[in-house]
Structure formats: structure tokens, C-alpha cells
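Undergrad: This is the structure, below, for whatever I ask next.
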Amino acid sequence: MSAHKLITDHLDLWTSAVTHKSGTGRGTSGKNGKIELTGIKKLRELILELAVRGKLAPQSPEDTSFSELLLRLRKNHTPPKTRGRQTVSGEIAPDEQPFNIPRSWTWTRLGEIAKNLDSQRKPITKSARKDGLYPYYGASGIVDYVDDYLFDEPLVLVGEDGAKWDKGEGTAFPISGKTWVNNHAHVLRPNRKAIADEYLVYFLAAADLNQYITGMTVPKLNQARLSSIPVATPCIDEQHRIVAKVNELMALCDRLEKQVGDQLDAQEVLVDTLLDALTRSADAAELAENWARVAEHFDTLFTSEASIDKLKQTILQLAVMGRLVEQDPDDEPAIHLLNRYGIEGKSYFLSGWTEVTLGNLGEILGGSTPTKSNAGFWEGNIPWVSPKDMKLSVIQDSQKKVTEQALQQTTLKKVPKNSLLMVVRGMILAHSFPVAISGREVTINQDMKALVPPEEITLYLLLYLQAEKPKLIELVDRSSHGTCKLVSEKLWSYTVYLPPIEEQSRIVQKVDELMALCDQLKARLGEAGETRAQLAETVVEKAVS
């Protein structure tokens, strides 16, 4: 099967196999969550695999065998020695040959077809560098620009340390013109009668070089191991045909990648627009109309974890706007419940709803850190919750725990079960507002605050604050050195709109149902993505076998 046919016959697989990851950014546009285009990545690997096995470009009967040239090269080659091993020239044993090659090709040591110029490289400390026009290269590419150069010719660099040596990682890359190279990259001058620069780069990109790495603490591809790498080498004319074909197909991959990226970006805009229309609906009739538009294209809209997370946030927003369940005029107004706890509020336009500030809904508690120098304060059984523990909606445990002694001898206080825990200081506030319910008595550190509201409204308050996350993030103060803080005055004066307790229960129940459906959708999405990625892997394996 030709390479073009292999691509076109499985085009849907290459473009639909994606891996969804947590975080932000997608490599192509940085939107729609963190998405790796797994299928196209596998396609690139396949192209390189086929290229270096002689299966990508046709052989020509006019091509000469590489063997004769290799014999002449070996007469003029003085091989380096590996530590405690034999020299790295000569015939390559069958167990060193990772795959079969065409008869006209030859396995060649890298050191026999490329001259190592490592002795000419020179590192410059950052403080000693002077700004200039010349690129300063390290293990993975340009590190800086300096005012002088060491080389002025086309060369190939290979990461020595601080690089990645897996397949497709770009361990080797070409450079040209006036350049400076530090001691973290090997410098190779290919013998261009024997090997083309781009072919060497593609071969090393297709190879898994981890087997040549030494050192546990600082992994390194030393010069002798680099020189010993077997290279599948056709004649130079065929190399040029292979490089041309690889370039052509990689350009096709670039177009596919852009097409998929553009589709994802367009999909994200559509999702944002339709979901925003839901939250802006003026009444129930308009909401139903807008929801019908979403439902009509549900399967095509929500195809990424990021889009499902946006749907979840929209559900929360609709819930606290009173749009998710119907109001019942027979429900006891929320103000009556609050008054029984001595809490005052103002009436709201929705039936039975009440407007109240967050800080008036219960006792406010702060946290602290007992001195670490007193071992008697630590390794107890009382959770000491810090922002790093705020990963679930209900907190039952923490990474660190304190003792009763810490409570007795410091300012640390217990936070009751069913309290609301909130992060009010830390870098996470730049993009999130972690909030949770204490599932048991806990303590908290100084980057946290707790609110002890009436137990009946705790679940709804959690939901409310999760829904208001975007607005709460806007209240965060950011210092010049990046510290984020939500000051108490802003947090506790934040307005909360409380529905009647019966409606709160209906809202929480409906949200739980819808969130469970979203989680099922996300799980199926992950399973489908894994299946497509496995299929892509299978196609690659069959193609190169």
C-alpha cells in the first residue's frame, strides 16, 4: 500500500484520534483544553518509519549499492572507542539491526558517515553572554542569541544531555549559517557523499535512542555511543528522493493538523455562543428555544473534555439563576429559614428567594500553621487542610495532620463538619476558586477560610459558589510578583441569592443528575479516544511489519 493511500484510506482515523488532557493549551492554538492530536502524531511517526525502512520512496534500478562507498569510507575512518568496549566501526551484527532493509542498502555506523566536531563547541554562562544576532544552540534548539559564532556551515546537532530521545522527539535537528553551540548538543558534519543532512535527521527522529543513553542521575548520549548507532543507509540519490517524499507528506500532516485545529477552534466558538445564549435567556420560553438548538447538535458540540466542562459550568449557572427547576409558590420563603437562625436578608424578585451577603450566612473561621519545629504538633489524626488538598467537593482527609496538642497550644481551631472551605490565597486563584464541604471536623491553614452556615443550605451554597467561580476569580487581587489573594472584604460581601429550602433540594438533585450524565459523556469520550488511538497504533504497526 502506498503512503498516500495509507493516509487517505485512514484519514478519519488520523484526524479523529485525539488525546484529552487536563490543563490548558493545545499546542496548535492553545484553546479547547489541552488536546494532543494523537492520530496525526502517529501518522508522522509512520511516515518516518516507512522512510528509513525503504518503504516510502521507490528504489530505482539505476541506484548504486552503498556497500562500495562504505568500504572506501572505512579505510579513511579512525573510530572512537567506547569505555571498556571494542571500537564502534566494522560490520553491524544482526542483533544490532532493528529491522530489515532493501538489498541495496547498508547498515553503517553513524561515526563512519559523519564527523564529530564536539571539540570545537564552547559553552557560555548566561551572565557572560552578550546579546547579538547569532543563534546560541543547546540540546533542543536555540537557547539565546550572542554576538559571536563558532560555526558557519550546515551541520546536524544531536542532544547530548537534557534532551528527549524517544521516537519523534526531534533529538536531532539541522542548523546552518553562523551559529554557536554549547556542550549540551553534539555537532556533526555529515559526509555528504555518503549521507544527506535531512536524511540523517529523519533517521534519528525515527529511532528510539534510549538504548544508547548512559547515566541514571544525568542521562546522557555520549560521543562514543552516538558514533556507534547503526544507520540504515541507501545511496545518496535515493536518500534525496526519500527526503523529498517525507517533506511532501509532512506538509500534508501540517495541513491536516491545521484543519483539525481550525475545526476545534470553530467548534469552541460555537459551544461558547450557544451556552452563553442559554444563560442570557430572558424567560423560560427563550431558554427552551435556546436549549433546543444545543440539543439538536449535542453529539457534535460536546466532543472534548473542555466542552463538557463548559456545559457543566453552564448547568451550575442556570441552577443558581432559578432556570433549572420550576418555582413553587407553596414553598416556604428562604427568609423564614434564615430568620430562624438570626440571619437577615432582602427579598429577591424570584418567588421565595432571598438576597444575602455570604459573610452573614454563618461563622467565619481562619487557619494557621503550627510550628514545624515542634514534632508534637504533627503526625496526629486531625486533617490539616491546605490548598493542595482541595481537589474534591467533600474533604475527608488531608496530606498532613495535626494533633490535639496543636489545638491546645496554638491558635489553630477546629472547623465543624459540613462547613464550607475556601482557598483565599495562592497561585491557583489566578484561574480557579477551590471550594469544598468538610466531611468531618478539620483544621485549615492560613491560605484558607471556612464558613459555618446553617447545615440545611450547605450543599446549595457549595453549588452556588462553584457556579459563581468566574465572577469570584475576577475579585482576586494579583501582586506584581504574581501572588493571588481574595481579600475578606470582597469575599464576605459577595451577594448570594437563596431559593426556598425545598427548591434548593430540587436544584441540587437536578444538578447531580445532569453532572452524572456529563461524567458519563466524558467517560465515553475518553474510551472512544483511547480506542481511536489504539487503532492508529495498530495501523502503524501493520504498516511497518
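In the C-alpha cells, chains take the letters A, B, ... in the order shown, each chain's residues start at 1, and ligands count up from 1 in the order shown.
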For the interface of segment 260-311 of chain A with segment 320-340 of chain A (cut-off 9 Å, counting only C-alpha atoms), please tabulate each contacting residue of segment 260-311 of chain A alongside its nearest pair of atoms and their separation in Å to one decimal, rows sorted by chain and increasing number, as a Markdown table.
TA:
```
| residue | atom | partner | partner_atom | distance |
| --- | --- | --- | --- | --- |
| A:Thr279 | CA | A:Met321 | CA | 8.3 |
| A:Asp283 | CA | A:Arg323 | CA | 8.3 |
| A:Ala284 | CA | A:Arg323 | CA | 7.2 |
| A:Leu287 | CA | A:Arg323 | CA | 8.1 |
```
Undergrad: Residues of segment 152-207 of chain A classed as alpha helix (DSSP H) by DSSP on the backbone are to be reported as a list of chain:residue names.
TA: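 Selection result, alpha helix (DSSP H) within segment 152-207 of chain A: A:Asp197, A:Glu198, A:Tyr199, A:Leu200, A:Val201, A:Tyr202, A:Phe203, A:Leu204, A:Ala205, A:Ala206.
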Undergrad: At a cut-off of 10 Å, using only C-alpha atoms, what residues contact Glu153 of chain A? Leave out same-chain residues fewer than 5 positions from it and give the result as a VMD selection string.
TA: chain A and resid 175 to 179 189
Undergrad: Can you tell me, as a PyMOL selection string, what residues are no more than 8 Å from Asp63 of chain A when counting only C-alpha atoms, ignoring any on the same chain fewer than 2 positions away?
TA: chain A and resi 59-61+65+235+237-238
Undergrad: Do you know which residues are at most 6 Å from Trp384 of chain A counting only C-alpha atoms, after dropping those on the same chain fewer than 5 positions away, and could you put them as JSON, numbers by chain?
TA: {"A": [400, 401, 443, 444]}
Undergrad: Once you count only C-alpha atoms, what closest atom pair and distance in Å to one decimal does each residue of segment 328-418 of chain A within 10 Å of segment 459-465 of chain A have, with rows by chain and rising residue number, as a tab-separated table?
TA:
```
residue	atom	partner	partner_atom	distance
A:Leu358	CA	A:Leu461	CA	9.1
A:Leu361	CA	A:Leu461	CA	9.7
A:Ser393	CA	A:Leu462	CA	8.2
A:Val394	CA	A:Leu462	CA	9.8
A:Asn418	CA	A:Leu459	CA	8.6
```
